[in-house]
file query.pdb (PDB, N, CA and C atoms, pLDDT in the B column)
ATOM      1  N   MET A   1      28.758  36.593  -0.826  1.00 69.00           N
ATOM      2  CA  MET A   1      28.702  36.846  -2.253  1.00 69.00           C
ATOM      3  C   MET A   1      29.229  35.634  -3.020  1.00 69.00           C
ATOM      4  N   ALA A   2      30.303  35.007  -2.517  1.00 74.00           N
ATOM      5  CA  ALA A   2      30.871  33.842  -3.203  1.00 74.00           C
ATOM      6  C   ALA A   2      29.892  32.678  -3.183  1.00 74.00           C
ATOM      7  N   ALA A   3      29.153  32.524  -2.069  1.00 82.00           N
ATOM      8  CA  ALA A   3      28.167  31.445  -1.975  1.00 82.00           C
ATOM      9  C   ALA A   3      27.042  31.677  -2.974  1.00 82.00           C
ATOM     10  N   ASN A   4      26.637  32.928  -3.137  1.00 91.00           N
ATOM     11  CA  ASN A   4      25.590  33.264  -4.086  1.00 91.00           C
ATOM     12  C   ASN A   4      26.039  32.966  -5.516  1.00 91.00           C
ATOM     13  N   LEU A   5      27.289  33.280  -5.820  1.00 91.00           N
ATOM     14  CA  LEU A   5      27.836  33.021  -7.147  1.00 91.00           C
ATOM     15  C   LEU A   5      27.889  31.520  -7.406  1.00 91.00           C
ATOM     16  N   GLN A   6      28.309  30.753  -6.400  1.00 93.00           N
ATOM     17  CA  GLN A   6      28.375  29.302  -6.536  1.00 93.00           C
ATOM     18  C   GLN A   6      26.962  28.724  -6.740  1.00 93.00           C
ATOM     19  N   GLN A   7      25.989  29.275  -6.036  1.00 94.00           N
ATOM     20  CA  GLN A   7      24.608  28.811  -6.181  1.00 94.00           C
ATOM     21  C   GLN A   7      24.090  29.107  -7.588  1.00 94.00           C
ATOM     22  N   GLN A   8      24.410  30.285  -8.105  1.00 94.00           N
ATOM     23  CA  GLN A   8      23.979  30.647  -9.461  1.00 94.00           C
ATOM     24  C   GLN A   8      24.627  29.744 -10.509  1.00 94.00           C
ATOM     25  N   ARG A   9      25.893  29.392 -10.300  1.00 94.00           N
ATOM     26  CA  ARG A   9      26.579  28.477 -11.225  1.00 94.00           C
ATOM     27  C   ARG A   9      25.941  27.098 -11.189  1.00 94.00           C
ATOM     28  N   SER A  10      25.578  26.659  -9.999  1.00 95.00           N
ATOM     29  CA  SER A  10      24.928  25.364  -9.849  1.00 95.00           C
ATOM     30  C   SER A  10      23.579  25.348 -10.562  1.00 95.00           C
ATOM     31  N   ILE A  11      22.817  26.401 -10.399  1.00 96.00           N
ATOM     32  CA  ILE A  11      21.522  26.510 -11.083  1.00 96.00           C
ATOM     33  C   ILE A  11      21.731  26.541 -12.589  1.00 96.00           C
ATOM     34  N   ASN A  12      22.713  27.290 -13.046  1.00 96.00           N
ATOM     35  CA  ASN A  12      23.021  27.379 -14.473  1.00 96.00           C
ATOM     36  C   ASN A  12      23.379  26.010 -15.034  1.00 96.00           C
ATOM     37  N   LEU A  13      24.197  25.262 -14.316  1.00 96.00           N
ATOM     38  CA  LEU A  13      24.598  23.929 -14.757  1.00 96.00           C
ATOM     39  C   LEU A  13      23.384  23.002 -14.832  1.00 96.00           C
ATOM     40  N   GLN A  14      22.496  23.069 -13.839  1.00 96.00           N
ATOM     41  CA  GLN A  14      21.288  22.239 -13.842  1.00 96.00           C
ATOM     42  C   GLN A  14      20.385  22.597 -15.015  1.00 96.00           C
ATOM     43  N   LEU A  15      20.236  23.871 -15.289  1.00 96.00           N
ATOM     44  CA  LEU A  15      19.408  24.302 -16.421  1.00 96.00           C
ATOM     45  C   LEU A  15      20.005  23.842 -17.752  1.00 96.00           C
ATOM     46  N   ARG A  16      21.317  23.851 -17.864  1.00 95.00           N
ATOM     47  CA  ARG A  16      21.962  23.355 -19.088  1.00 95.00           C
ATOM     48  C   ARG A  16      21.701  21.855 -19.267  1.00 95.00           C
ATOM     49  N   ARG A  17      21.759  21.094 -18.157  1.00 95.00           N
ATOM     50  CA  ARG A  17      21.465  19.663 -18.230  1.00 95.00           C
ATOM     51  C   ARG A  17      20.028  19.420 -18.674  1.00 95.00           C
ATOM     52  N   GLU A  18      19.106  20.185 -18.107  1.00 94.00           N
ATOM     53  CA  GLU A  18      17.696  20.030 -18.454  1.00 94.00           C
ATOM     54  C   GLU A  18      17.425  20.431 -19.896  1.00 94.00           C
ATOM     55  N   MET A  19      18.176  21.405 -20.406  1.00 94.00           N
ATOM     56  CA  MET A  19      18.001  21.861 -21.773  1.00 94.00           C
ATOM     57  C   MET A  19      18.385  20.769 -22.775  1.00 94.00           C
ATOM     58  N   GLU A  20      19.352  19.925 -22.409  1.00 94.00           N
ATOM     59  CA  GLU A  20      19.828  18.888 -23.311  1.00 94.00           C
ATOM     60  C   GLU A  20      18.937  17.645 -23.322  1.00 94.00           C
ATOM     61  N   MET A  21      18.003  17.559 -22.374  1.00 93.00           N
ATOM     62  CA  MET A  21      17.123  16.392 -22.310  1.00 93.00           C
ATOM     63  C   MET A  21      16.163  16.373 -23.489  1.00 93.00           C
ATOM     64  N   GLU A  22      15.916  15.171 -24.017  1.00 92.00           N
ATOM     65  CA  GLU A  22      14.969  15.029 -25.116  1.00 92.00           C
ATOM     66  C   GLU A  22      13.557  15.192 -24.575  1.00 92.00           C
ATOM     67  N   ARG A  23      12.771  15.993 -25.224  1.00 92.00           N
ATOM     68  CA  ARG A  23      11.414  16.263 -24.767  1.00 92.00           C
ATOM     69  C   ARG A  23      10.411  15.726 -25.788  1.00 92.00           C
ATOM     70  N   MET A  24       9.197  15.457 -25.293  1.00 94.00           N
ATOM     71  CA  MET A  24       8.125  15.018 -26.177  1.00 94.00           C
ATOM     72  C   MET A  24       6.833  15.689 -25.743  1.00 94.00           C
ATOM     73  N   PRO A  25       5.907  15.843 -26.659  1.00 96.00           N
ATOM     74  CA  PRO A  25       4.625  16.449 -26.296  1.00 96.00           C
ATOM     75  C   PRO A  25       3.876  15.586 -25.273  1.00 96.00           C
ATOM     76  N   VAL A  26       3.059  16.239 -24.459  1.00 97.00           N
ATOM     77  CA  VAL A  26       2.303  15.527 -23.430  1.00 97.00           C
ATOM     78  C   VAL A  26       1.382  14.495 -24.060  1.00 97.00           C
ATOM     79  N   SER A  27       0.800  14.804 -25.198  1.00 97.00           N
ATOM     80  CA  SER A  27      -0.116  13.862 -25.848  1.00 97.00           C
ATOM     81  C   SER A  27       0.607  12.566 -26.227  1.00 97.00           C
ATOM     82  N   VAL A  28       1.845  12.674 -26.673  1.00 97.00           N
ATOM     83  CA  VAL A  28       2.629  11.483 -27.027  1.00 97.00           C
ATOM     84  C   VAL A  28       2.969  10.694 -25.767  1.00 97.00           C
ATOM     85  N   ALA A  29       3.374  11.379 -24.712  1.00 96.00           N
ATOM     86  CA  ALA A  29       3.709  10.707 -23.463  1.00 96.00           C
ATOM     87  C   ALA A  29       2.486   9.997 -22.888  1.00 96.00           C
ATOM     88  N   CYS A  30       1.326  10.635 -22.950  1.00 97.00           N
ATOM     89  CA  CYS A  30       0.098  10.014 -22.440  1.00 97.00           C
ATOM     90  C   CYS A  30      -0.273   8.782 -23.250  1.00 97.00           C
ATOM     91  N   SER A  31      -0.145   8.871 -24.551  1.00 97.00           N
ATOM     92  CA  SER A  31      -0.492   7.714 -25.381  1.00 97.00           C
ATOM     93  C   SER A  31       0.472   6.561 -25.129  1.00 97.00           C
ATOM     94  N   LEU A  32       1.752   6.844 -24.909  1.00 97.00           N
ATOM     95  CA  LEU A  32       2.707   5.788 -24.584  1.00 97.00           C
ATOM     96  C   LEU A  32       2.400   5.149 -23.231  1.00 97.00           C
ATOM     97  N   MET A  33       2.021   5.971 -22.250  1.00 95.00           N
ATOM     98  CA  MET A  33       1.663   5.425 -20.944  1.00 95.00           C
ATOM     99  C   MET A  33       0.406   4.566 -21.031  1.00 95.00           C
ATOM    100  N   MET A  34      -0.583   5.011 -21.790  1.00 95.00           N
ATOM    101  CA  MET A  34      -1.815   4.234 -21.938  1.00 95.00           C
ATOM    102  C   MET A  34      -1.534   2.917 -22.647  1.00 95.00           C
ATOM    103  N   LYS A  35      -0.683   2.943 -23.637  1.00 96.00           N
ATOM    104  CA  LYS A  35      -0.326   1.717 -24.352  1.00 96.00           C
ATOM    105  C   LYS A  35       0.367   0.741 -23.406  1.00 96.00           C
ATOM    106  N   TYR A  36       1.282   1.232 -22.589  1.00 94.00           N
ATOM    107  CA  TYR A  36       1.982   0.384 -21.622  1.00 94.00           C
ATOM    108  C   TYR A  36       0.998  -0.224 -20.617  1.00 94.00           C
ATOM    109  N   MET A  37       0.079   0.607 -20.109  1.00 91.00           N
ATOM    110  CA  MET A  37      -0.882   0.114 -19.125  1.00 91.00           C
ATOM    111  C   MET A  37      -1.797  -0.948 -19.717  1.00 91.00           C
ATOM    112  N   LEU A  38      -2.241  -0.751 -20.952  1.00 92.00           N
ATOM    113  CA  LEU A  38      -3.113  -1.739 -21.584  1.00 92.00           C
ATOM    114  C   LEU A  38      -2.363  -3.036 -21.870  1.00 92.00           C
ATOM    115  N   GLU A  39      -1.092  -2.947 -22.218  1.00 92.00           N
ATOM    116  CA  GLU A  39      -0.296  -4.149 -22.483  1.00 92.00           C
ATOM    117  C   GLU A  39      -0.038  -4.948 -21.213  1.00 92.00           C
ATOM    118  N   HIS A  40       0.063  -4.277 -20.057  1.00 89.00           N
ATOM    119  CA  HIS A  40       0.375  -4.934 -18.796  1.00 89.00           C
ATOM    120  C   HIS A  40      -0.827  -5.017 -17.855  1.00 89.00           C
ATOM    121  N   GLU A  41      -2.020  -4.887 -18.417  1.00 88.00           N
ATOM    122  CA  GLU A  41      -3.245  -4.858 -17.630  1.00 88.00           C
ATOM    123  C   GLU A  41      -3.463  -6.156 -16.843  1.00 88.00           C
ATOM    124  N   GLU A  42      -3.172  -7.296 -17.450  1.00 85.00           N
ATOM    125  CA  GLU A  42      -3.415  -8.576 -16.775  1.00 85.00           C
ATOM    126  C   GLU A  42      -2.441  -8.830 -15.630  1.00 85.00           C
ATOM    127  N   GLU A  43      -1.315  -8.131 -15.605  1.00 82.00           N
ATOM    128  CA  GLU A  43      -0.336  -8.288 -14.534  1.00 82.00           C
ATOM    129  C   GLU A  43      -0.599  -7.356 -13.349  1.00 82.00           C
ATOM    130  N   ASP A  44      -1.547  -6.446 -13.492  1.00 83.00           N
ATOM    131  CA  ASP A  44      -1.816  -5.444 -12.464  1.00 83.00           C
ATOM    132  C   ASP A  44      -2.702  -6.037 -11.374  1.00 83.00           C
ATOM    133  N   CYS A  45      -2.150  -6.169 -10.183  1.00 75.00           N
ATOM    134  CA  CYS A  45      -2.890  -6.763  -9.064  1.00 75.00           C
ATOM    135  C   CYS A  45      -4.046  -5.884  -8.605  1.00 75.00           C
ATOM    136  N   LEU A  46      -3.963  -4.588  -8.843  1.00 79.00           N
ATOM    137  CA  LEU A  46      -5.059  -3.710  -8.440  1.00 79.00           C
ATOM    138  C   LEU A  46      -6.290  -3.931  -9.311  1.00 79.00           C
ATOM    139  N   LEU A  47      -6.094  -4.370 -10.552  1.00 79.00           N
ATOM    140  CA  LEU A  47      -7.224  -4.633 -11.434  1.00 79.00           C
ATOM    141  C   LEU A  47      -7.718  -6.070 -11.340  1.00 79.00           C
ATOM    142  N   SER A  48      -6.798  -7.016 -11.295  1.00 76.00           N
ATOM    143  CA  SER A  48      -7.183  -8.427 -11.346  1.00 76.00           C
ATOM    144  C   SER A  48      -7.261  -9.075  -9.967  1.00 76.00           C
ATOM    145  N   GLY A  49      -6.694  -8.472  -8.948  1.00 73.00           N
ATOM    146  CA  GLY A  49      -6.717  -9.047  -7.605  1.00 73.00           C
ATOM    147  C   GLY A  49      -5.575 -10.030  -7.409  1.00 73.00           C
ATOM    148  N   PHE A  50      -5.419 -10.464  -6.177  1.00 68.00           N
ATOM    149  CA  PHE A  50      -4.365 -11.409  -5.828  1.00 68.00           C
ATOM    150  C   PHE A  50      -4.929 -12.820  -5.802  1.00 68.00           C
ATOM    151  N   THR A  51      -4.087 -13.778  -6.101  1.00 67.00           N
ATOM    152  CA  THR A  51      -4.451 -15.161  -5.848  1.00 67.00           C
ATOM    153  C   THR A  51      -4.055 -15.471  -4.413  1.00 67.00           C
ATOM    154  N   GLN A  52      -4.629 -16.500  -3.828  1.00 65.00           N
ATOM    155  CA  GLN A  52      -4.321 -16.805  -2.426  1.00 65.00           C
ATOM    156  C   GLN A  52      -2.855 -17.178  -2.242  1.00 65.00           C
ATOM    157  N   LYS A  53      -2.246 -17.814  -3.224  1.00 68.00           N
ATOM    158  CA  LYS A  53      -0.855 -18.242  -3.091  1.00 68.00           C
ATOM    159  C   LYS A  53       0.122 -17.074  -3.149  1.00 68.00           C
ATOM    160  N   VAL A  54      -0.227 -16.039  -3.897  1.00 69.00           N
ATOM    161  CA  VAL A  54       0.700 -14.949  -4.154  1.00 69.00           C
ATOM    162  C   VAL A  54       0.396 -13.709  -3.307  1.00 69.00           C
ATOM    163  N   ASN A  55      -0.697 -13.720  -2.580  1.00 67.00           N
ATOM    164  CA  ASN A  55      -1.140 -12.541  -1.839  1.00 67.00           C
ATOM    165  C   ASN A  55      -0.132 -12.161  -0.745  1.00 67.00           C
ATOM    166  N   PRO A  56       0.561 -11.018  -0.886  1.00 68.00           N
ATOM    167  CA  PRO A  56       1.539 -10.612   0.124  1.00 68.00           C
ATOM    168  C   PRO A  56       0.877 -10.066   1.395  1.00 68.00           C
ATOM    169  N   PHE A  57      -0.420  -9.773   1.335  1.00 71.00           N
ATOM    170  CA  PHE A  57      -1.119  -9.201   2.483  1.00 71.00           C
ATOM    171  C   PHE A  57      -1.887 -10.254   3.282  1.00 71.00           C
ATOM    172  N   ARG A  58      -1.776 -11.504   2.885  1.00 69.00           N
ATOM    173  CA  ARG A  58      -2.460 -12.585   3.584  1.00 69.00           C
ATOM    174  C   ARG A  58      -1.871 -12.718   4.988  1.00 69.00           C
ATOM    175  N   GLU A  59      -2.729 -12.989   5.950  1.00 72.00           N
ATOM    176  CA  GLU A  59      -2.239 -13.158   7.316  1.00 72.00           C
ATOM    177  C   GLU A  59      -1.406 -14.429   7.392  1.00 72.00           C
ATOM    178  N   LYS A  60      -0.265 -14.301   8.010  1.00 69.00           N
ATOM    179  CA  LYS A  60       0.624 -15.437   8.166  1.00 69.00           C
ATOM    180  C   LYS A  60       0.113 -16.303   9.310  1.00 69.00           C
ATOM    181  N   SER A  61       0.390 -17.581   9.234  1.00 68.00           N
ATOM    182  CA  SER A  61      -0.021 -18.446  10.341  1.00 68.00           C
ATOM    183  C   SER A  61       0.824 -18.094  11.561  1.00 68.00           C
ATOM    184  N   SER A  62       0.171 -18.050  12.682  1.00 66.00           N
ATOM    185  CA  SER A  62       0.904 -17.662  13.894  1.00 66.00           C
ATOM    186  C   SER A  62       1.737 -18.834  14.393  1.00 66.00           C
ATOM    187  N   CYS A  63       2.810 -18.497  15.041  1.00 65.00           N
ATOM    188  CA  CYS A  63       3.713 -19.499  15.570  1.00 65.00           C
ATOM    189  C   CYS A  63       3.317 -19.779  17.017  1.00 65.00           C
ATOM    190  N   SER A  64       3.120 -21.030  17.330  1.00 63.00           N
ATOM    191  CA  SER A  64       2.780 -21.378  18.707  1.00 63.00           C
ATOM    192  C   SER A  64       3.869 -22.248  19.298  1.00 63.00           C
ATOM    193  N   ILE A  65       4.228 -21.936  20.508  1.00 66.00           N
ATOM    194  CA  ILE A  65       5.282 -22.705  21.198  1.00 66.00           C
ATOM    195  C   ILE A  65       4.601 -23.776  22.028  1.00 66.00           C
ATOM    196  N   ILE A  66       5.016 -25.000  21.819  1.00 57.00           N
ATOM    197  CA  ILE A  66       4.409 -26.123  22.541  1.00 57.00           C
ATOM    198  C   ILE A  66       5.178 -26.426  23.797  1.00 57.00           C
TER     199      ILE A  66
END
call {"tool": "encode", "arguments": {"input": "query.pdb", "output": "structure tokens"}}
result
Amino acid sequence: MAANLQQQRSINLQLRREMEMERMPVSVACSLMMKYMLEHEEEDCLLSGFTQKVNPFREKSSCSII
């Protein structure tokens, strides 16, 4: 019973924290995300691709022992 009471208090505390968070409508959040993506579009490697110098997936030269 004491564990159940402690669990309920923990849930209550979490709900109080969530209640105090500032919220915004989904439409506003989506428009902010779209604005961010459009502003950083040229930096996105998935859209523009990698250059050969910066490509982290490029095969490394193998090491050979002479």
call {"tool": "atom_distance", "arguments": {"input": "query.pdb", "atom1": "atom N of Glu18 in chain A", "atom2": "atom N of Met34 in chain A"}}
result
25.1 Å
call {"tool": "atom_distance", "arguments": {"input": "query.pdb", "atom1": "atom C of Val28 in chain A", "atom2": "atom C of Asn12 in chain A"}}
result
27.7 Å
call {"tool": "atom_distance", "arguments": {"input": "query.pdb", "atom1": "CA of Asp44 in chain A", "atom2": "CA of Phe57 in chain A"}}
result
15.4 Å
call {"tool": "axis_aligned_box", "arguments": {"input": "query.pdb", "around": "range 18-30 of chain A", "padding_each_side": "4 Å", "output": "AutoDock Vina command-line options"}}
result
--center_x 9.8 --center_y 15.3 --center_z -22.6 --size_x 28.1 --size_y 21.1 --size_z 16.9
